[in-house]
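A quick write-up on the structure given underneath.
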Amino acid sequence: MEAIAPQVVFYLFGLPITDTVVSTWVMMALLIIAAFLIKKYAPHAGEFIIEMINSIVSSVMPEDVRVIQFLPFLGTLALFLLLGNIFSIFPLMVSPTANINTTFALSALVFFAVHFYGIREKGLWGYIKDTATPIFVFPLEIISQLSRTLSLTIRLFGNVLSTDLVVAIIFSLIPFIVPLPLAALGMLTGVLQAYIFTVLASLYIASAIEIADVEKERRQMKQELKES
Amino acid sequence: MWQLDSGTIITLITIMFAVAGIVLGSIVPALMEGKAVQKALEGMTRQPDAAGDLRTTLLISMALLESTAIYSLLVVLILIFGNPLLDRFFG
């Protein structure tokens with residue numbers, strides 16, 4: 001298990017600090033510094049990045065939803081994963097997402113965010129009623145919520161860890177030029193997985209906030225009745 | 001004939017089955033992903049206007065298909081690096 005489990009670097013107040021946690025701190029510092037630099041020197045580049053994330057998210061959301069309200073969460077997720085999946089190309093660093101605890105924390109965030117946005121959109125009772133219509137899909141819905149959290153966790157972890165492991169194994173055999181194409185393939189996989197994680201998170205949020213057509217018509221009729 | 005102790009036998013069997021598992025678990029998803037890409041490419045050449053929608057759907061479904069291969073990789077990694085049988089008999 002030593003080969004794939006994170007190594008403990010030092011102890012802070014009795015808590016073991018692993019190398020992935022140290023990498024995450026370095027990455028957070030890099031992201032914050034980059035954000036300040038972009039804000040000061042190249043604000044158009046920041047606009048371009050936000051516009052890109054906006055177009056990714058709005059490609060899977062329904063048309064009549066204001067996408068900008070989800071961007072703080074989904075954009076942070078996208079930037080974190082984009083840097084975190086390819087972070088092992090920096091010397092002395094490991095990818096934070098090659099640790100299953102990190103990916104589980106991220107998908108738990110997605111799990112709670114889906115319910116938060118759903119309840120904020122429809123109200124607590126409306127959200128439960130929408131989930132449990134007809135009543136026999138309610139257990140299936142719960143199972144699908146849990147299983148997709150698990151699959152988000154394991155997909156990201158497995159992809160990042162497997163490409164890192166392949167590079168490490170080839171490096172131990174031929175430590176010269178040969179691992180480079182595999183490292184490039186790992187970067188491609190990492191960027192693709194960041195995209196897919198973001199798109200899947202916005203798909204789940206979209207399925208939680210979307211109102212069925214029948215329900216929409218009923219609400220419209222109620223509104224018209226109230227006005228007349 | 002060599003005398004093998006039980007730890008070696010367990011390790012040998014584990015490695016054999018891990019290799020068989022990763023081979024089967026990567027062949028089948030790869031074939032099916034190829035099928036999905038083929039169909040998507042056919043659709044793109046037939047209707048270039050819908051290429052953007054098709055690409056998004058293709059990437060999402062490829063990720064969902066890919067995760068089955070990743071699950072088998074995870075099982076194989078657990079078998080090789082954290083074998084529960086070895087801990088149980090020799091822990």
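In the structure tokens, chains take letters A, B, ... by order of appearance, with residues numbered from 1 within each chain and ligands from 1 in the order shown.
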Counting only C-alpha atoms, what are the residues of chain B within 10 Å of chain A, and for each of them which pair of atoms is the nearest and at what distance in Å, to one decimal? Sort the table by chain and rising number, as JSON lines.
```
{"residue": "B:Gly52", "atom": "CA", "partner": "A:Ser59", "partner_atom": "CA", "distance": 9.6}
{"residue": "B:Asp53", "atom": "CA", "partner": "A:Ser59", "partner_atom": "CA", "distance": 8.4}
{"residue": "B:Thr56", "atom": "CA", "partner": "A:Ser59", "partner_atom": "CA", "distance": 8.3}
{"residue": "B:Thr57", "atom": "CA", "partner": "A:Val60", "partner_atom": "CA", "distance": 9.4}
{"residue": "B:Leu59", "atom": "CA", "partner": "A:Ile196", "partner_atom": "CA", "distance": 7.4}
{"residue": "B:Ile60", "atom": "CA", "partner": "A:Ile196", "partner_atom": "CA", "distance": 6.4}
{"residue": "B:Ser61", "atom": "CA", "partner": "A:Ile196", "partner_atom": "CA", "distance": 9.7}
{"residue": "B:Met62", "atom": "CA", "partner": "A:Ile196", "partner_atom": "CA", "distance": 9.5}
{"residue": "B:Ala63", "atom": "CA", "partner": "A:Ile196", "partner_atom": "CA", "distance": 7.0}
{"residue": "B:Leu64", "atom": "CA", "partner": "A:Arg155", "partner_atom": "CA", "distance": 8.6}
{"residue": "B:Glu66", "atom": "CA", "partner": "A:Arg155", "partner_atom": "CA", "distance": 8.1}
{"residue": "B:Ser67", "atom": "CA", "partner": "A:Arg155", "partner_atom": "CA", "distance": 5.4}
{"residue": "B:Thr68", "atom": "CA", "partner": "A:Arg155", "partner_atom": "CA", "distance": 8.7}
{"residue": "B:Ala69", "atom": "CA", "partner": "A:Arg155", "partner_atom": "CA", "distance": 9.3}
{"residue": "B:Ile70", "atom": "CA", "partner": "A:Gly158", "partner_atom": "CA", "distance": 5.7}
{"residue": "B:Tyr71", "atom": "CA", "partner": "A:Ile154", "partner_atom": "CA", "distance": 7.3}
{"residue": "B:Ser72", "atom": "CA", "partner": "A:Gly158", "partner_atom": "CA", "distance": 9.7}
{"residue": "B:Leu73", "atom": "CA", "partner": "A:Gly158", "partner_atom": "CA", "distance": 7.4}
{"residue": "B:Leu74", "atom": "CA", "partner": "A:Gly158", "partner_atom": "CA", "distance": 6.6}
{"residue": "B:Leu77", "atom": "CA", "partner": "A:Ile4", "partner_atom": "CA", "distance": 8.4}
{"residue": "B:Ile78", "atom": "CA", "partner": "A:Met1", "partner_atom": "CA", "distance": 7.8}
{"residue": "B:Leu79", "atom": "CA", "partner": "A:Met1", "partner_atom": "CA", "distance": 9.7}
{"residue": "B:Ile80", "atom": "CA", "partner": "A:Met1", "partner_atom": "CA", "distance": 8.3}
{"residue": "B:Phe81", "atom": "CA", "partner": "A:Met1", "partner_atom": "CA", "distance": 4.5}
{"residue": "B:Gly82", "atom": "CA", "partner": "A:Met1", "partner_atom": "CA", "distance": 4.9}
{"residue": "B:Asn83", "atom": "CA", "partner": "A:Met1", "partner_atom": "CA", "distance": 8.4}
```
Requested write-out: C-alpha atoms of the selected residues, as a tab-separated table (two decimals), in the first residue's frame:
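Dumped everything to selection00.tsv:
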```
chain	number	residue	atom	x	y	z
B	52	GLY	CA	-20.80	20.96	-30.87
B	53	ASP	CA	-23.67	19.21	-29.08
B	56	THR	CA	-20.18	17.53	-25.40
B	57	THR	CA	-22.39	14.45	-25.18
B	59	LEU	CA	-17.11	13.50	-23.87
B	60	ILE	CA	-19.58	12.99	-21.02
B	61	SER	CA	-20.54	9.48	-22.15
B	62	MET	CA	-16.87	8.61	-22.72
B	63	ALA	CA	-16.16	9.61	-19.12
B	64	LEU	CA	-19.01	7.44	-17.88
B	66	GLU	CA	-14.21	5.04	-18.92
B	67	SER	CA	-15.10	4.79	-15.24
B	68	THR	CA	-15.80	1.04	-15.54
B	69	ALA	CA	-12.21	0.49	-16.64
B	70	ILE	CA	-11.06	2.70	-13.76
B	71	TYR	CA	-13.07	0.60	-11.30
B	72	SER	CA	-11.29	-2.56	-12.42
B	73	LEU	CA	-7.95	-0.73	-12.20
B	74	LEU	CA	-8.79	0.24	-8.61
B	77	LEU	CA	-4.36	-1.89	-7.41
B	78	ILE	CA	-5.95	-2.94	-4.12
B	79	LEU	CA	-5.17	-6.60	-4.93
B	80	ILE	CA	-1.53	-5.89	-5.68
B	81	PHE	CA	-0.62	-3.17	-3.19
B	82	GLY	CA	-3.01	-3.80	-0.31
B	83	ASN	CA	-3.87	-7.47	-0.52
```
Exercise for the section: Write out as a list in words the residues lying within 8 Å of stretch 8-12 of chain B, counting only C-alpha atoms and excluding same-chain residues fewer than 4 positions away. Expected result: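 Contacts, in chain order: Leu4, Met16, Leu85 and Leu86 of chain B.
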Practice task
To one decimal in Å, tell me the separation between atom CA of A:Ser202 and atom CA of A:Leu74.
Solution key: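 So the two atoms, atom CA of A:Ser202 and atom CA of A:Leu74, lie 7.4 Å apart.
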